[in-house]
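Take a look at the structure below.
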Amino acid sequence: MRVGILGLGEAGALYAAGFAENGWSVVGYDPGDVPTPTGVTRAASVADAVGEADLVLGLTGAKAAASVAVEAAPHLRDDAVFADMNAGAPELKRKIDGVVTKSGRAVFADVSVIGSVPTYRHRTALVVSGRGASVVAEHFRALGAPVEDLGGEPGTASARKLLRSLFMKGLGAVIVQTVEAGRAAGDEQWVRQQIIQELADGEATLERLYAGTFKHGVRRAGEVAAAADLMADLGLDATLARGISRLHTLAARQDGLRATPLVTEALLAAYEGLPTANIGDARDRLGLVDSGISPLWTGARAVGRALTVLTRAGDNRAIHEALRIAGPGDLIVVDGQGDTSRALIGELIAERAKARGVVGMVLDGAARDVAVLEEIGFPVWARAVTPAGPYKDGPGRVNVAVAVGGAVCGPGDLVVADGDGVAVLPAEEAEATLVAAREIEADEARRRSGIRAGQAGYAEQAEQAEQAEHTGHTGQAEHAGQTGRTADGPAGEAA
């Protein structure tokens, strides 16, 4: 029997080694600079990894799962089973099922990992669903893994996983929050002992949940975000779950839970040159400011941290207040009520903003002095241009959540603006969106090259990718930034 493994990160490598130890022929693929496990043949492409496989395991991370399935599907053998093992949302699993089974030859299985892969390796407990579930269950049971076969439709197993994640990732988040608070108060060891006394396995469980939350924060943040969406679909309040997702995002940062901006200088730099179109695609076309707000001069581009302003129509007093606290890297976002009768900013405000390091402005309102704005290189996106000046009476608010062109923007959110328009990203989602948007950018470049080269059948593959690639921005590839599409999904699944 031959198994093809897509993604040789921590979990992928452990599963590959386990299958090899049990006499399987194992071929693995990962574009990243990760080691090849002993007994595993390293494939040069997705096609080479899956072409002769009886069983294919997708361990790429949920964000890349759909596009990898599109790439693998044309090369699957008749009766091959494609098992997606990523911690994605049920809808993502159903989309991948459609991609894999479109030809009518291969079958799909939704596989959820329930436990710690580093601890139990290929014997980690699984829950499976979909048409290929019984085959997957048979293979993994032969390796010694407990498998619950739900049968039914793809997505059933992943829903079970997300329900469990609400508890396990929540527990990890509570432990991180408590230990970090204890450390800040000078009582870390006392706090740890209190937690240890309440846990069945004591210190080992505490450390597994504590360290695992930091190590896999990005992926787990997405997993819990998907669980929160599931709760919302069930008609339940998901506020706590979304808070847990945010804590995992914080834990993944170099600064951890310290009160520093989520949108760092390094993150701002990483978004330089990334088109707003790719960002929008990575976010399911959400968070884009309407097309009525456009750049006032050709070539304008800005990436910054939102400094928000809410003001009365035609009045810019609050903008002056914002300028007093603005600093380098800020991008001022103004909810001017969509009024276009009076310009909220002109050349003088632009000069002051630029002197303070402000990188640009987005106005749901009007501006003026366009020629000077271009001359000094200060980028502005606005709904209109008018020579009429503003009132300066107020009222207004600074650093509150605002709605600009149909998009909600909070203080500290990431804003990217270019010739196509403006994208607003919640600060806690900026890291994960960067991974997805860069993947989309690279995938589009590959498809353009294929179309230009006239590769046979490439147009059809490109169409399939267009339909599938943006369907699952809910799970996280924990090292996707390092290993690209096949970053290992449940790689350090410690809970």
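Residue numbering restarts at 1 in every chain; chains get A, B, ... in the order shown in the structure tokens, and ligands count up from 1 in that same order.
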Please produce, as CSV, a per-residue contact table for segment 101-213 of chain A versus segment 70-80 of chain A (criterion: any atom at most 9 Å away, only C-alpha atoms considered), showing the nearest atom pair and its distance in Å to one decimal, sorted by chain then residue number.
residue,atom,partner,partner_atom,distance
A:Thr101,CA,A:Ala73,CA,8.0
A:Lys102,CA,A:Ala73,CA,8.4
A:Ser103,CA,A:Pro74,CA,8.0
A:Gly104,CA,A:Asp78,CA,8.5
A:Arg105,CA,A:Asp78,CA,4.8
A:Ala106,CA,A:Asp79,CA,4.9
A:Val107,CA,A:Ala80,CA,6.4
A:Phe108,CA,A:Ala80,CA,8.6
Distance query segment 432-434 of chain A at most 9 Å, only C-alpha atoms, self and fewer than 2 positions along chain excluded, as a ChimeraX atom specification: /A:63,218-219,221-222,249,267,270-271,274,279,282-283,425,428-430,436-439,473,476-477,481
For the residues in the current selection, export N, CA, C and O atoms as an mmCIF file, in the first residue's frame.
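Now in result10.cif:
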data_model
loop_
_atom_site.group_PDB
_atom_site.id
_atom_site.type_symbol
_atom_site.label_atom_id
_atom_site.label_comp_id
_atom_site.auth_asym_id
_atom_site.auth_seq_id
_atom_site.Cartn_x
_atom_site.Cartn_y
_atom_site.Cartn_z
ATOM 1 N N LYS A 63 -5.784 26.836 5.554
ATOM 2 C CA LYS A 63 -5.816 27.907 4.567
ATOM 3 C C LYS A 63 -5.373 27.452 3.185
ATOM 4 O O LYS A 63 -5.824 27.973 2.177
ATOM 5 N N VAL A 218 -1.114 30.948 16.158
ATOM 6 C CA VAL A 218 -1.742 31.436 14.924
ATOM 7 C C VAL A 218 -2.771 30.442 14.410
ATOM 8 O O VAL A 218 -3.923 30.800 14.117
ATOM 9 N N ARG A 219 -2.372 29.161 14.307
ATOM 10 C CA ARG A 219 -3.318 28.166 13.789
ATOM 11 C C ARG A 219 -4.502 27.981 14.723
ATOM 12 O O ARG A 219 -5.653 27.905 14.300
ATOM 13 N N ALA A 221 -5.734 30.100 16.813
ATOM 14 C CA ALA A 221 -6.619 31.271 16.757
ATOM 15 C C ALA A 221 -7.646 31.094 15.653
ATOM 16 O O ALA A 221 -8.838 31.376 15.839
ATOM 17 N N GLY A 222 -7.200 30.625 14.498
ATOM 18 C CA GLY A 222 -8.127 30.387 13.396
ATOM 19 C C GLY A 222 -9.094 29.267 13.693
ATOM 20 O O GLY A 222 -10.280 29.321 13.320
ATOM 21 N N THR A 249 -3.950 34.618 19.240
ATOM 22 C CA THR A 249 -3.234 35.511 18.328
ATOM 23 C C THR A 249 -2.165 36.294 19.080
ATOM 24 O O THR A 249 -1.028 36.436 18.620
ATOM 25 N N LEU A 267 5.008 43.768 10.730
ATOM 26 C CA LEU A 267 3.803 43.373 9.990
ATOM 27 C C LEU A 267 3.446 44.419 8.939
ATOM 28 O O LEU A 267 3.059 44.076 7.809
ATOM 29 N N ALA A 270 5.655 43.861 6.079
ATOM 30 C CA ALA A 270 5.319 42.649 5.336
ATOM 31 C C ALA A 270 4.169 42.870 4.365
ATOM 32 O O ALA A 270 4.064 42.181 3.343
ATOM 33 N N TYR A 271 3.293 43.826 4.660
ATOM 34 C CA TYR A 271 2.158 44.116 3.781
ATOM 35 C C TYR A 271 2.512 45.072 2.643
ATOM 36 O O TYR A 271 1.697 45.281 1.734
ATOM 37 N N LEU A 274 1.660 44.355 -1.191
ATOM 38 C CA LEU A 274 0.615 43.337 -1.321
ATOM 39 C C LEU A 274 -0.674 43.998 -1.801
ATOM 40 O O LEU A 274 -1.194 44.901 -1.152
ATOM 41 N N ILE A 279 -5.715 40.772 -0.703
ATOM 42 C CA ILE A 279 -6.159 40.824 0.690
ATOM 43 C C ILE A 279 -7.661 40.576 0.763
ATOM 44 O O ILE A 279 -8.143 39.808 1.599
ATOM 45 N N ALA A 282 -8.410 36.956 0.236
ATOM 46 C CA ALA A 282 -8.032 36.162 1.404
ATOM 47 C C ALA A 282 -9.055 36.287 2.523
ATOM 48 O O ALA A 282 -9.142 35.424 3.389
ATOM 49 N N ARG A 283 -9.850 37.342 2.500
ATOM 50 C CA ARG A 283 -10.858 37.578 3.542
ATOM 51 C C ARG A 283 -12.271 37.398 2.998
ATOM 52 O O ARG A 283 -13.216 38.003 3.492
ATOM 53 N N LEU A 425 -8.359 45.449 7.938
ATOM 54 C CA LEU A 425 -8.200 44.143 8.560
ATOM 55 C C LEU A 425 -8.210 44.290 10.073
ATOM 56 O O LEU A 425 -7.427 45.072 10.619
ATOM 57 N N GLU A 428 -6.264 41.551 15.045
ATOM 58 C CA GLU A 428 -5.973 40.182 15.468
ATOM 59 C C GLU A 428 -5.974 39.188 14.309
ATOM 60 O O GLU A 428 -5.544 38.045 14.466
ATOM 61 N N GLU A 429 -6.459 39.608 13.151
ATOM 62 C CA GLU A 429 -6.497 38.712 12.000
ATOM 63 C C GLU A 429 -5.431 39.043 10.955
ATOM 64 O O GLU A 429 -5.340 38.390 9.923
ATOM 65 N N ALA A 430 -4.634 40.063 11.225
ATOM 66 C CA ALA A 430 -3.682 40.539 10.220
ATOM 67 C C ALA A 430 -2.596 39.518 9.908
ATOM 68 O O ALA A 430 -2.208 39.338 8.746
ATOM 69 N N ALA A 436 -2.467 33.997 4.040
ATOM 70 C CA ALA A 436 -3.422 33.627 2.995
ATOM 71 C C ALA A 436 -3.278 34.514 1.759
ATOM 72 O O ALA A 436 -3.328 34.037 0.620
ATOM 73 N N ALA A 437 -3.081 35.819 1.963
ATOM 74 C CA ALA A 437 -2.990 36.740 0.836
ATOM 75 C C ALA A 437 -1.718 36.510 0.020
ATOM 76 O O ALA A 437 -1.734 36.594 -1.211
ATOM 77 N N ARG A 438 -0.606 36.226 0.695
ATOM 78 C CA ARG A 438 0.629 35.918 -0.030
ATOM 79 C C ARG A 438 0.481 34.631 -0.830
ATOM 80 O O ARG A 438 0.996 34.520 -1.951
ATOM 81 N N GLU A 439 -0.224 33.651 -0.272
ATOM 82 C CA GLU A 439 -0.466 32.411 -0.998
ATOM 83 C C GLU A 439 -1.307 32.673 -2.243
ATOM 84 O O GLU A 439 -1.025 32.154 -3.322
ATOM 85 N N HIS A 473 -10.913 30.259 4.891
ATOM 86 C CA HIS A 473 -9.989 31.093 5.659
ATOM 87 C C HIS A 473 -10.372 31.080 7.134
ATOM 88 O O HIS A 473 -10.629 32.094 7.738
ATOM 89 N N GLN A 476 -5.735 27.745 10.632
ATOM 90 C CA GLN A 476 -4.435 28.386 10.468
ATOM 91 C C GLN A 476 -3.350 27.374 10.230
ATOM 92 O O GLN A 476 -3.297 26.353 10.889
ATOM 93 N N ALA A 477 -2.446 27.725 9.300
ATOM 94 C CA ALA A 477 -1.248 26.904 9.106
ATOM 95 C C ALA A 477 -0.181 27.451 10.031
ATOM 96 O O ALA A 477 0.274 28.566 9.882
ATOM 97 N N GLY A 481 3.917 30.585 6.918
ATOM 98 C CA GLY A 481 4.813 31.622 6.432
ATOM 99 C C GLY A 481 6.181 31.072 6.104
ATOM 100 O O GLY A 481 6.932 31.671 5.351
#
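Note that atom CA of Val81 of chain A and atom CA of Met1 of chain A are 12.2 Å apart.
In this structure, atom CA of Ala453 of chain A sits 21.2 Å away from atom CA of Val68 of chain A.
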Between atom CA of Gly144 of chain A and atom CA of His122 of chain A, what is the distance in Å, rounded to a tenth? 7.7 Å
Long-range neighbours of Ser129 of chain A as a JSON list (two decimals) with C-alpha atoms, in the first residue's frame, 9 Å cut-off, only C-alpha atoms, 3 positions minimum in chain:
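Ended up saving to out-v3.json:
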[["chain", "number", "residue", "atom", "x", "y", "z"],
["A", 108, "PHE", "CA", -13.03, 12.02, 0.14],
["A", 109, "ALA", "CA", -12.79, 11.68, 3.91],
["A", 110, "ASP", "CA", -13.08, 14.44, 6.49],
["A", 111, "VAL", "CA", -10.60, 13.50, 9.23],
["A", 112, "SER", "CA", -10.28, 15.32, 12.55],
["A", 132, "GLY", "CA", -14.11, 7.51, 2.34],
["A", 133, "ALA", "CA", -14.43, 7.37, 6.15],
["A", 134, "SER", "CA", -14.65, 3.58, 6.47],
["A", 148, "GLU", "CA", -14.69, 6.97, 15.46],
["A", 149, "ASP", "CA", -16.38, 6.51, 12.08],
["A", 150, "LEU", "CA", -19.36, 8.87, 11.83],
["A", 151, "GLY", "CA", -20.13, 8.04, 8.20],
["A", 152, "GLY", "CA", -22.46, 10.68, 6.82],
["A", 153, "GLU", "CA", -21.38, 13.83, 5.08],
["A", 154, "PRO", "CA", -18.01, 15.63, 5.05],
["A", 155, "GLY", "CA", -17.96, 18.33, 7.70],
["A", 156, "THR", "CA", -19.48, 16.16, 10.42],
["A", 157, "ALA", "CA", -16.07, 15.17, 11.80],
["A", 158, "SER", "CA", -14.69, 18.70, 11.61]]
Env of segment 256-261 of chain A: 9 Å cut, atoms = only C-alpha atoms, seq-sep filter 2 positions within chain, self excluded. Answer as a PDB file with C-alpha atoms, in the first residue's frame.
ATOM      1  CA  VAL A 176      -1.790  31.336  29.506  1.00  0.00           C
ATOM      2  CA  GLN A 177      -3.741  34.313  30.810  1.00  0.00           C
ATOM      3  CA  GLU A 180       1.198  35.509  32.505  1.00  0.00           C
ATOM      4  CA  PHE A 214       2.323  29.965  22.422  1.00  0.00           C
ATOM      5  CA  LEU A 247      -5.638  35.524  23.068  1.00  0.00           C
ATOM      6  CA  THR A 249      -3.234  35.511  18.328  1.00  0.00           C
ATOM      7  CA  LEU A 250      -1.549  37.531  21.068  1.00  0.00           C
ATOM      8  CA  ALA A 251       0.324  34.487  22.347  1.00  0.00           C
ATOM      9  CA  ALA A 252       1.837  33.919  18.896  1.00  0.00           C
ATOM     10  CA  ARG A 253       3.426  37.371  18.891  1.00  0.00           C
ATOM     11  CA  GLN A 254       6.955  38.038  20.055  1.00  0.00           C
ATOM     12  CA  VAL A 263       0.005  45.497  14.144  1.00  0.00           C
ATOM     13  CA  THR A 264       3.778  45.737  14.505  1.00  0.00           C
ATOM     14  CA  ARG A 305      -2.153  51.307  11.694  1.00  0.00           C
ATOM     15  CA  GLY A 412      -5.109  49.865  15.731  1.00  0.00           C
ATOM     16  CA  ALA A 427      -5.650  43.696  14.049  1.00  0.00           C
TER      17      ALA A 427
END
Which of segment 117-343 of chain A end up as alpha helix (DSSP H) when DSSP is run on this backbone - answer as a ChimeraX atom specification? /A:117-120,133-142,156-184,188-198,203-215,217-233,239-251,265-271,276-282,317-325
Near-Val174 of chain A list (12 Å; only C-alpha atoms; drop same-chain fewer than 2 positions) as a list in words: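 The filter keeps Leu166, Phe167, Met168, Lys169, Gly170, Leu171, Gly172, Val176, Gln177, Thr178, Val179, Glu180, Ala181, Ile195, Leu206, Leu209, Tyr210, Thr213, Leu240, Ala241, Gly243, Ile244, Ser245, Leu247, His248 and Ala251 of chain A.
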Since we have the selection now, will you write its residues out, keeping N, CA, C and O atoms, as a tab-separated table (two decimals), in the first residue's frame?
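Saved file selection01.tsv follows:
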chain	number	residue	atom	x	y	z
A	166	LEU	N	-13.45	24.32	21.48
A	166	LEU	CA	-13.96	25.35	22.36
A	166	LEU	C	-13.50	25.12	23.79
A	166	LEU	O	-13.17	26.07	24.52
A	167	PHE	N	-13.43	23.85	24.19
A	167	PHE	CA	-12.97	23.54	25.54
A	167	PHE	C	-11.45	23.54	25.63
A	167	PHE	O	-10.86	24.23	26.48
A	168	MET	N	-10.78	22.77	24.78
A	168	MET	CA	-9.34	22.58	24.92
A	168	MET	C	-8.57	23.87	24.67
A	168	MET	O	-7.66	24.22	25.43
A	169	LYS	N	-8.90	24.59	23.61
A	169	LYS	CA	-8.19	25.84	23.34
A	169	LYS	C	-8.58	26.90	24.36
A	169	LYS	O	-7.78	27.77	24.74
A	170	GLY	N	-9.83	26.84	24.82
A	170	GLY	CA	-10.24	27.75	25.88
A	170	GLY	C	-9.47	27.51	27.15
A	170	GLY	O	-9.04	28.46	27.83
A	171	LEU	N	-9.28	26.23	27.50
A	171	LEU	CA	-8.50	25.90	28.69
A	171	LEU	C	-7.06	26.38	28.55
A	171	LEU	O	-6.48	26.95	29.48
A	172	GLY	N	-6.47	26.17	27.36
A	172	GLY	CA	-5.12	26.65	27.13
A	172	GLY	C	-5.03	28.16	27.27
A	172	GLY	O	-4.08	28.70	27.85
A	176	VAL	N	-2.74	30.30	29.92
A	176	VAL	CA	-1.79	31.34	29.51
A	176	VAL	C	-2.09	32.66	30.19
A	176	VAL	O	-1.20	33.33	30.74
A	177	GLN	N	-3.35	33.05	30.19
A	177	GLN	CA	-3.74	34.31	30.81
A	177	GLN	C	-3.38	34.33	32.29
A	177	GLN	O	-2.84	35.31	32.81
A	178	THR	N	-3.64	33.24	33.00
A	178	THR	CA	-3.40	33.18	34.44
A	178	THR	C	-1.91	33.16	34.76
A	178	THR	O	-1.44	33.87	35.66
A	179	VAL	N	-1.14	32.36	34.03
A	179	VAL	CA	0.30	32.28	34.28
A	179	VAL	C	0.97	33.61	33.97
A	179	VAL	O	1.84	34.08	34.73
A	180	GLU	N	0.59	34.23	32.85
A	180	GLU	CA	1.20	35.51	32.51
A	180	GLU	C	0.86	36.58	33.54
A	180	GLU	O	1.70	37.42	33.89
A	181	ALA	N	-0.39	36.56	34.04
A	181	ALA	CA	-0.77	37.51	35.07
A	181	ALA	C	0.01	37.24	36.36
A	181	ALA	O	0.47	38.18	37.05
A	195	ILE	N	-2.91	25.88	39.69
A	195	ILE	CA	-3.45	25.22	38.49
A	195	ILE	C	-3.12	23.73	38.53
A	195	ILE	O	-3.98	22.88	38.24
A	206	LEU	N	-0.41	21.21	32.54
A	206	LEU	CA	-0.26	22.66	32.52
A	206	LEU	C	0.75	23.08	31.46
A	206	LEU	O	0.49	23.97	30.65
A	209	LEU	N	-0.45	22.60	27.77
A	209	LEU	CA	-1.41	23.60	27.32
A	209	LEU	C	-0.80	24.99	27.27
A	209	LEU	O	-1.09	25.78	26.37
A	210	TYR	N	0.08	25.30	28.23
A	210	TYR	CA	0.71	26.62	28.26
A	210	TYR	C	1.65	26.79	27.06
A	210	TYR	O	1.52	27.72	26.28
A	213	THR	N	-0.02	26.65	23.50
A	213	THR	CA	-0.77	27.84	23.09
A	213	THR	C	0.16	28.87	22.47
A	213	THR	O	-0.18	29.52	21.47
A	240	LEU	N	-17.09	34.95	24.04
A	240	LEU	CA	-15.98	34.33	24.76
A	240	LEU	C	-15.06	33.59	23.80
A	240	LEU	O	-13.83	33.70	23.90
A	241	ALA	N	-15.63	32.84	22.87
A	241	ALA	CA	-14.82	32.09	21.90
A	241	ALA	C	-13.96	33.04	21.08
A	241	ALA	O	-12.79	32.77	20.81
A	243	GLY	N	-12.89	35.92	22.03
A	243	GLY	CA	-11.85	36.41	22.93
A	243	GLY	C	-10.72	35.39	23.08
A	243	GLY	O	-9.54	35.76	23.14
A	244	ILE	N	-11.07	34.11	23.13
A	244	ILE	CA	-10.06	33.06	23.21
A	244	ILE	C	-9.23	33.04	21.93
A	244	ILE	O	-8.00	32.89	21.97
A	245	SER	N	-9.89	33.23	20.79
A	245	SER	CA	-9.15	33.30	19.52
A	245	SER	C	-8.17	34.46	19.55
A	245	SER	O	-7.02	34.33	19.13
A	247	LEU	N	-6.75	35.81	22.17
A	247	LEU	CA	-5.64	35.52	23.07
A	247	LEU	C	-4.60	34.64	22.39
A	247	LEU	O	-3.40	34.83	22.55
A	248	HIS	N	-5.05	33.66	21.60
A	248	HIS	CA	-4.10	32.82	20.87
A	248	HIS	C	-3.29	33.65	19.87
A	248	HIS	O	-2.09	33.42	19.69
A	251	ALA	N	-0.71	35.40	21.88
A	251	ALA	CA	0.32	34.49	22.35
A	251	ALA	C	1.35	34.19	21.26
A	251	ALA	O	2.52	33.92	21.56
For segment 332-334 of chain A, find every residue with an atom within 7 Å (counting only C-alpha atoms), except residues of its own chain fewer than 4 positions away, and show them as a VMD selection string. chain A and resid 306 to 310 360 to 364
Take the selection from the previous step and output its residues with all heavy atoms, as a PDB file, in the first residue's frame.
ATOM      1  N   ALA A 306      -4.483  51.938  11.994  1.00  0.00           N
ATOM      2  CA  ALA A 306      -5.599  52.878  11.983  1.00  0.00           C
ATOM      3  C   ALA A 306      -5.632  53.766  13.229  1.00  0.00           C
ATOM      4  O   ALA A 306      -5.623  53.268  14.359  1.00  0.00           O
ATOM      5  CB  ALA A 306      -6.912  52.123  11.845  1.00  0.00           C
ATOM      6  N   LEU A 307      -5.667  55.056  12.993  1.00  0.00           N
ATOM      7  CA  LEU A 307      -6.017  56.040  14.003  1.00  0.00           C
ATOM      8  C   LEU A 307      -7.374  56.574  13.565  1.00  0.00           C
ATOM      9  O   LEU A 307      -7.485  57.255  12.547  1.00  0.00           O
ATOM     10  CB  LEU A 307      -4.968  57.168  14.056  1.00  0.00           C
ATOM     11  CG  LEU A 307      -5.283  58.380  14.944  1.00  0.00           C
ATOM     12  CD1 LEU A 307      -5.575  57.967  16.372  1.00  0.00           C
ATOM     13  CD2 LEU A 307      -4.130  59.375  14.906  1.00  0.00           C
ATOM     14  N   THR A 308      -8.425  56.229  14.292  1.00  0.00           N
ATOM     15  CA  THR A 308      -9.780  56.459  13.801  1.00  0.00           C
ATOM     16  C   THR A 308     -10.361  57.773  14.311  1.00  0.00           C
ATOM     17  O   THR A 308     -10.062  58.219  15.426  1.00  0.00           O
ATOM     18  CB  THR A 308     -10.703  55.306  14.210  1.00  0.00           C
ATOM     19  OG1 THR A 308     -10.694  55.171  15.645  1.00  0.00           O
ATOM     20  CG2 THR A 308     -10.246  53.996  13.587  1.00  0.00           C
ATOM     21  N   VAL A 309     -11.233  58.352  13.464  1.00  0.00           N
ATOM     22  CA  VAL A 309     -11.902  59.613  13.794  1.00  0.00           C
ATOM     23  C   VAL A 309     -13.369  59.502  13.402  1.00  0.00           C
ATOM     24  O   VAL A 309     -13.696  59.083  12.289  1.00  0.00           O
ATOM     25  CB  VAL A 309     -11.266  60.797  13.031  1.00  0.00           C
ATOM     26  CG1 VAL A 309     -12.042  62.086  13.309  1.00  0.00           C
ATOM     27  CG2 VAL A 309      -9.802  60.961  13.404  1.00  0.00           C
ATOM     28  N   LEU A 310     -14.244  59.848  14.320  1.00  0.00           N
ATOM     29  CA  LEU A 310     -15.674  59.970  14.040  1.00  0.00           C
ATOM     30  C   LEU A 310     -16.037  61.438  14.172  1.00  0.00           C
ATOM     31  O   LEU A 310     -15.777  62.052  15.219  1.00  0.00           O
ATOM     32  CB  LEU A 310     -16.483  59.132  15.039  1.00  0.00           C
ATOM     33  CG  LEU A 310     -18.009  59.277  14.979  1.00  0.00           C
ATOM     34  CD1 LEU A 310     -18.558  58.794  13.638  1.00  0.00           C
ATOM     35  CD2 LEU A 310     -18.659  58.508  16.128  1.00  0.00           C
ATOM     36  N   GLY A 360      -0.924  58.286   5.634  1.00  0.00           N
ATOM     37  CA  GLY A 360      -1.999  58.573   4.701  1.00  0.00           C
ATOM     38  C   GLY A 360      -3.308  58.760   5.433  1.00  0.00           C
ATOM     39  O   GLY A 360      -3.384  58.663   6.667  1.00  0.00           O
ATOM     40  N   MET A 361      -4.370  59.030   4.652  1.00  0.00           N
ATOM     41  CA  MET A 361      -5.711  59.206   5.232  1.00  0.00           C
ATOM     42  C   MET A 361      -6.744  58.546   4.336  1.00  0.00           C
ATOM     43  O   MET A 361      -6.608  58.535   3.101  1.00  0.00           O
ATOM     44  CB  MET A 361      -6.064  60.688   5.378  1.00  0.00           C
ATOM     45  CG  MET A 361      -5.299  61.423   6.458  1.00  0.00           C
ATOM     46  SD  MET A 361      -6.015  63.063   6.729  1.00  0.00           S
ATOM     47  CE  MET A 361      -4.863  63.731   7.937  1.00  0.00           C
ATOM     48  N   VAL A 362      -7.773  58.016   4.991  1.00  0.00           N
ATOM     49  CA  VAL A 362      -8.953  57.496   4.297  1.00  0.00           C
ATOM     50  C   VAL A 362     -10.148  58.255   4.846  1.00  0.00           C
ATOM     51  O   VAL A 362     -10.393  58.241   6.062  1.00  0.00           O
ATOM     52  CB  VAL A 362      -9.121  55.984   4.524  1.00  0.00           C
ATOM     53  CG1 VAL A 362     -10.429  55.505   3.903  1.00  0.00           C
ATOM     54  CG2 VAL A 362      -7.942  55.219   3.948  1.00  0.00           C
ATOM     55  N   LEU A 363     -10.888  58.923   3.975  1.00  0.00           N
ATOM     56  CA  LEU A 363     -11.983  59.788   4.394  1.00  0.00           C
ATOM     57  C   LEU A 363     -13.297  59.332   3.796  1.00  0.00           C
ATOM     58  O   LEU A 363     -13.413  59.220   2.565  1.00  0.00           O
ATOM     59  CB  LEU A 363     -11.732  61.236   3.938  1.00  0.00           C
ATOM     60  CG  LEU A 363     -10.364  61.864   4.215  1.00  0.00           C
ATOM     61  CD1 LEU A 363     -10.269  63.204   3.486  1.00  0.00           C
ATOM     62  CD2 LEU A 363     -10.165  62.054   5.701  1.00  0.00           C
ATOM     63  N   ASP A 364     -14.280  59.071   4.656  1.00  0.00           N
ATOM     64  CA  ASP A 364     -15.642  58.909   4.130  1.00  0.00           C
ATOM     65  C   ASP A 364     -16.247  60.302   4.125  1.00  0.00           C
ATOM     66  O   ASP A 364     -17.105  60.659   4.930  1.00  0.00           O
ATOM     67  CB  ASP A 364     -16.455  57.951   4.998  1.00  0.00           C
ATOM     68  CG  ASP A 364     -17.661  57.408   4.242  1.00  0.00           C
ATOM     69  OD1 ASP A 364     -18.040  58.031   3.215  1.00  0.00           O
ATOM     70  OD2 ASP A 364     -18.210  56.377   4.644  1.00  0.00           O
TER      71      ASP A 364
END
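Every protein or nucleic acid residue with an atom no more than 10 Å from Val46 of chain A, counting only C-alpha atoms and leaving out same-chain residues fewer than 3 positions away, appears here: Gly4, Ile5, Leu6, Gly7, Gly28, Tyr29, Asp30, Pro31, Ala43, Ala49, Val50, Gly51, Val68, Ala69, Glu71, Ala72, Ala73, His75 and Thr486 of chain A.
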May I have the selected residues written with N, CA, C and O atoms, as a short mmCIF file (atom, residue, chain, number, x, y, z; two decimals), in the first residue's frame?
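Below is the file that was written, again_32.cif:
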data_model
loop_
_atom_site.label_atom_id
_atom_site.label_comp_id
_atom_site.auth_asym_id
_atom_site.auth_seq_id
_atom_site.Cartn_x
_atom_site.Cartn_y
_atom_site.Cartn_z
N GLY A 4 0.42 8.93 0.10
CA GLY A 4 1.02 10.21 -0.26
C GLY A 4 0.68 11.24 0.81
O GLY A 4 -0.50 11.40 1.16
N ILE A 5 1.67 11.91 1.34
CA ILE A 5 1.46 12.86 2.43
C ILE A 5 1.83 14.26 1.97
O ILE A 5 2.98 14.51 1.58
N LEU A 6 0.85 15.15 2.00
CA LEU A 6 1.04 16.53 1.57
C LEU A 6 1.24 17.39 2.80
O LEU A 6 0.30 17.67 3.54
N GLY A 7 2.49 17.79 3.04
CA GLY A 7 2.83 18.56 4.22
C GLY A 7 3.68 17.73 5.16
O GLY A 7 3.21 16.77 5.76
N GLY A 28 6.20 11.77 0.35
CA GLY A 28 5.77 13.04 0.93
C GLY A 28 6.19 14.23 0.10
O GLY A 28 7.19 14.19 -0.62
N TYR A 29 5.41 15.31 0.23
CA TYR A 29 5.74 16.54 -0.48
C TYR A 29 5.56 17.73 0.46
O TYR A 29 4.57 17.84 1.18
N ASP A 30 6.53 18.63 0.44
CA ASP A 30 6.45 19.90 1.14
C ASP A 30 7.42 20.85 0.45
O ASP A 30 8.60 20.51 0.28
N PRO A 31 6.96 22.03 0.00
CA PRO A 31 7.87 22.95 -0.69
C PRO A 31 8.82 23.66 0.27
O PRO A 31 9.76 24.32 -0.17
N ALA A 43 8.89 13.71 -2.72
CA ALA A 43 8.41 14.00 -4.07
C ALA A 43 8.76 15.43 -4.46
O ALA A 43 8.90 16.31 -3.61
N ALA A 49 3.56 13.17 -5.60
CA ALA A 49 3.25 12.58 -4.29
C ALA A 49 1.97 11.77 -4.31
O ALA A 49 1.86 10.76 -3.60
N VAL A 50 1.00 12.17 -5.12
CA VAL A 50 -0.32 11.52 -5.05
C VAL A 50 -0.59 10.56 -6.20
O VAL A 50 -1.53 9.76 -6.14
N GLY A 51 0.22 10.61 -7.27
CA GLY A 51 -0.10 9.90 -8.50
C GLY A 51 -0.33 8.41 -8.37
O GLY A 51 -1.19 7.84 -9.04
N VAL A 68 -4.52 23.20 -2.55
CA VAL A 68 -3.73 21.98 -2.71
C VAL A 68 -4.60 20.85 -3.25
O VAL A 68 -4.16 20.07 -4.09
N ALA A 69 -5.84 20.77 -2.79
CA ALA A 69 -6.76 19.75 -3.31
C ALA A 69 -7.00 19.94 -4.80
O ALA A 69 -7.07 18.96 -5.57
N GLU A 71 -4.91 21.18 -6.90
CA GLU A 71 -3.69 20.75 -7.58
C GLU A 71 -3.56 19.23 -7.60
O GLU A 71 -3.07 18.64 -8.57
N ALA A 72 -4.03 18.58 -6.54
CA ALA A 72 -3.88 17.13 -6.44
C ALA A 72 -4.95 16.37 -7.22
O ALA A 72 -4.68 15.29 -7.76
N ALA A 73 -6.16 16.91 -7.28
CA ALA A 73 -7.31 16.16 -7.80
C ALA A 73 -7.09 15.52 -9.17
O ALA A 73 -7.44 14.35 -9.38
N HIS A 75 -4.64 14.23 -10.48
CA HIS A 75 -3.61 13.19 -10.49
C HIS A 75 -3.95 12.01 -9.58
O HIS A 75 -3.16 11.08 -9.47
N THR A 486 2.07 23.90 1.90
CA THR A 486 1.97 22.66 2.63
C THR A 486 2.57 22.75 4.01
O THR A 486 3.19 21.85 4.50
#
